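Colleague: Got a structure for you, written out below as structure tokens; questions coming shortly.
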Amino acid sequence: MSHTGRTMPVKVLANGTYDESVENWRERTYEGDYLARFSIAADLVRSYALQVSNRERSARLHAADADAGAVHYSFYIQSSVSRQGTAWTIVFDSKNQRIYFTTRRNPRTRWVDLRRLDFSGRTPVRMLDIQAELEGDVTDRFADYSHELSMAHTYDAFHTVAPGQADDATLAAVLESFESFPCADGDAE
């Protein structure tokens with residue numbers, strides 16, 4: 001089921017179903033870890049929407065400042081509900097086609113400008129180490145894909161997020177399955 005308009009009273013999603021989470025939030029029962037996190041995030045989103053509405057009534061915000069404020073507040077909301085040990089945090093800015101992210105190892109905010117990437121399948125596959133000591137716009141910092149480097153990143157990511165939950169053979173199989181995906185337009189090898 002999808003939600004829009006009146007069936008989507010707050011733009012938040014956690015680990016449960018939207019209907020269950022909204023019902024719990026409206027009833028203020030906060031049962032369960034993910035339901036509590038949904039409710040906290042929902043309250044913060046609603047609070048931000050009221051703040052923006054009040055500011056817009058008093059003075060028109062410059063669009064770039066408003067967008068930057070929304071991204072910053074999105075990170076604040078996520079930090080308010082994240083668990084200890086959260087490995088990375090991502091904010092999608094669909095209006096400006098950017099992906100912002102931070103990691104536990106590198107808390108500096110970085111972003112990728114999707115408008116500057118070639119998704120045609122006619123260019124070499126590229127990759128980015130999200131743990132690298134970078135900051136700001138990293139769109140031009142992608143490197144050519146390397147199976148060995150990708151395997152190292154896969155091991156690192158799984159062992160950081162879920163230590164002991166997957167053996168090396170399983171991780172190798174996961175990576176090999178990703179590498180076997182065909183290009184969507186059929187033109188690339």
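Simple scheme: letters A, B, ... for chains in structure tokens order, numbers from 1 for residues in each chain, numbers from 1 for ligands in the order shown.
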What are the nearest atom pairs, with distances in Å to one decimal, for all residues of region 4-104 of chain A that come at most 12 Å from region 126-144 of chain A, using only C-alpha atoms, set out by chain and rising residue number as a tab-separated table?
Modeller:
```
residue	atom	partner	partner_atom	distance
A:Ala87	CA	A:Gln131	CA	9.9
A:Trp88	CA	A:Ile130	CA	8.9
A:Thr89	CA	A:Ile130	CA	10.8
A:Ile90	CA	A:Ile130	CA	11.0
A:Gln97	CA	A:Thr139	CA	12.0
A:Arg98	CA	A:Thr139	CA	9.7
A:Ile99	CA	A:Thr139	CA	9.9
A:Tyr100	CA	A:Gly136	CA	9.0
A:Phe101	CA	A:Ile130	CA	8.3
A:Thr102	CA	A:Ile130	CA	8.1
A:Thr103	CA	A:Gln131	CA	6.6
A:Arg104	CA	A:Gln131	CA	8.4
```
Colleague: Would you please give, as JSON, numbers by chain, all residues of region 11-157 of chain A that DSSP assigns to strand (DSSP E or B) based on the backbone?
Modeller: {"A": [88, 89, 90, 91, 92, 93, 98, 99, 100, 101, 102, 103, 110, 111, 112, 113, 126, 127, 136, 137, 143, 144]}
Colleague: Mind giving me the straight-line distance from CA of Tyr48 (chain A) to CA of Pro107 (chain A) in Å, one decimal?
Modeller: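 CA of Tyr48 (chain A) sits 23.0 Å away from CA of Pro107 (chain A).
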Colleague: Find the spatial neighbours of Ala36 (chain A), counting only C-alpha atoms, within a cut-off of 10 Å - ignore same-chain residues fewer than 3 positions away - and output them as a list in words.
Modeller: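 Everything that qualifies: Ala14, Ser21, Asn24, Trp25, Arg28, Thr29, Tyr30, Glu31, Gly32, Asp33, Ser39, Ile40, Ala41, Ala42 and Val81 of chain A.
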Colleague: Do a neighbour search on His147 (chain A) at 12 Å with only C-alpha atoms, toss out local chain neighbours closer than 2 positions, and write the hits as a list in words.
Modeller: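 Near neighbours after the sequence-gap exclusion: Val125, Arg126, Met127, Asp144, Tyr145, Leu149, Ser150, Met151, Ala152, His153, Thr154, Ala172, Leu175, Glu176, Phe178, Glu179 and Ser180 of chain A.
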Colleague: Going by DSSP on the backbone, which bits of region 57-164 of chain A are helix (DSSP H, G or I)? Write them as a CSV table (one decimal) with C-alpha atoms, in the first residue's frame, please.
Modeller:
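Just written: out13.csv:
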```csv
chain,number,residue,atom,x,y,z
A,57,ARG,CA,5.1,33.9,6.7
A,58,SER,CA,7.5,36.5,8.2
A,63,ALA,CA,15.8,28.7,-1.6
A,64,ALA,CA,19.3,27.4,-1.1
A,65,ASP,CA,19.3,28.4,2.6
A,66,ALA,CA,16.0,26.6,3.0
A,67,ASP,CA,17.3,23.5,1.3
A,68,ALA,CA,20.5,23.5,3.4
A,69,GLY,CA,18.5,23.9,6.5
A,70,ALA,CA,16.3,21.0,5.6
A,71,VAL,CA,19.3,18.8,5.0
A,72,HIS,CA,20.9,19.8,8.3
A,73,TYR,CA,17.6,19.2,10.2
A,74,SER,CA,17.3,15.8,8.5
A,75,PHE,CA,20.6,14.8,9.9
A,76,TYR,CA,19.5,16.1,13.3
A,77,ILE,CA,16.3,14.0,13.2
A,78,GLN,CA,18.3,10.9,12.3
A,79,SER,CA,20.8,11.5,15.1
A,80,SER,CA,17.9,11.9,17.5
A,81,VAL,CA,16.6,8.4,16.7
A,114,LEU,CA,23.3,12.9,-9.2
A,115,ARG,CA,22.9,15.4,-12.0
A,116,ARG,CA,26.6,15.1,-12.8
A,139,THR,CA,30.9,13.7,-7.0
A,140,ASP,CA,34.3,13.9,-8.8
A,141,ARG,CA,36.0,11.6,-6.4
A,147,HIS,CA,36.6,-6.1,-7.8
A,148,GLU,CA,39.4,-6.4,-5.2
A,149,LEU,CA,38.7,-2.9,-3.8
A,150,SER,CA,35.0,-3.6,-3.8
A,151,MET,CA,35.6,-6.9,-2.0
A,152,ALA,CA,37.6,-5.1,0.7
A,153,HIS,CA,34.8,-2.5,1.1
A,154,THR,CA,32.2,-5.3,1.3
A,155,TYR,CA,34.1,-7.1,4.0
A,156,ASP,CA,34.7,-3.8,5.9
A,157,ALA,CA,31.1,-2.8,5.7
A,158,PHE,CA,29.6,-6.1,6.8
A,159,HIS,CA,32.2,-6.6,9.6
A,160,THR,CA,31.5,-3.0,10.8
A,161,VAL,CA,27.7,-3.2,10.7
```
Colleague: So, with only C-alpha atoms as the atoms that count, which of A:Asp168, A:Ala162, A:Asp113, A:Arg122 lies closest to Gly85 (chain A)?
Modeller: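 For Gly85 (chain A), the nearest of the candidates is A:Ala162.
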Colleague: By how many Å are CA of Gln51 (chain A) and CA of Asp93 (chain A) apart?
Modeller: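 Straight-line distance from CA of Gln51 (chain A) to CA of Asp93 (chain A) works out to 19.2 Å.
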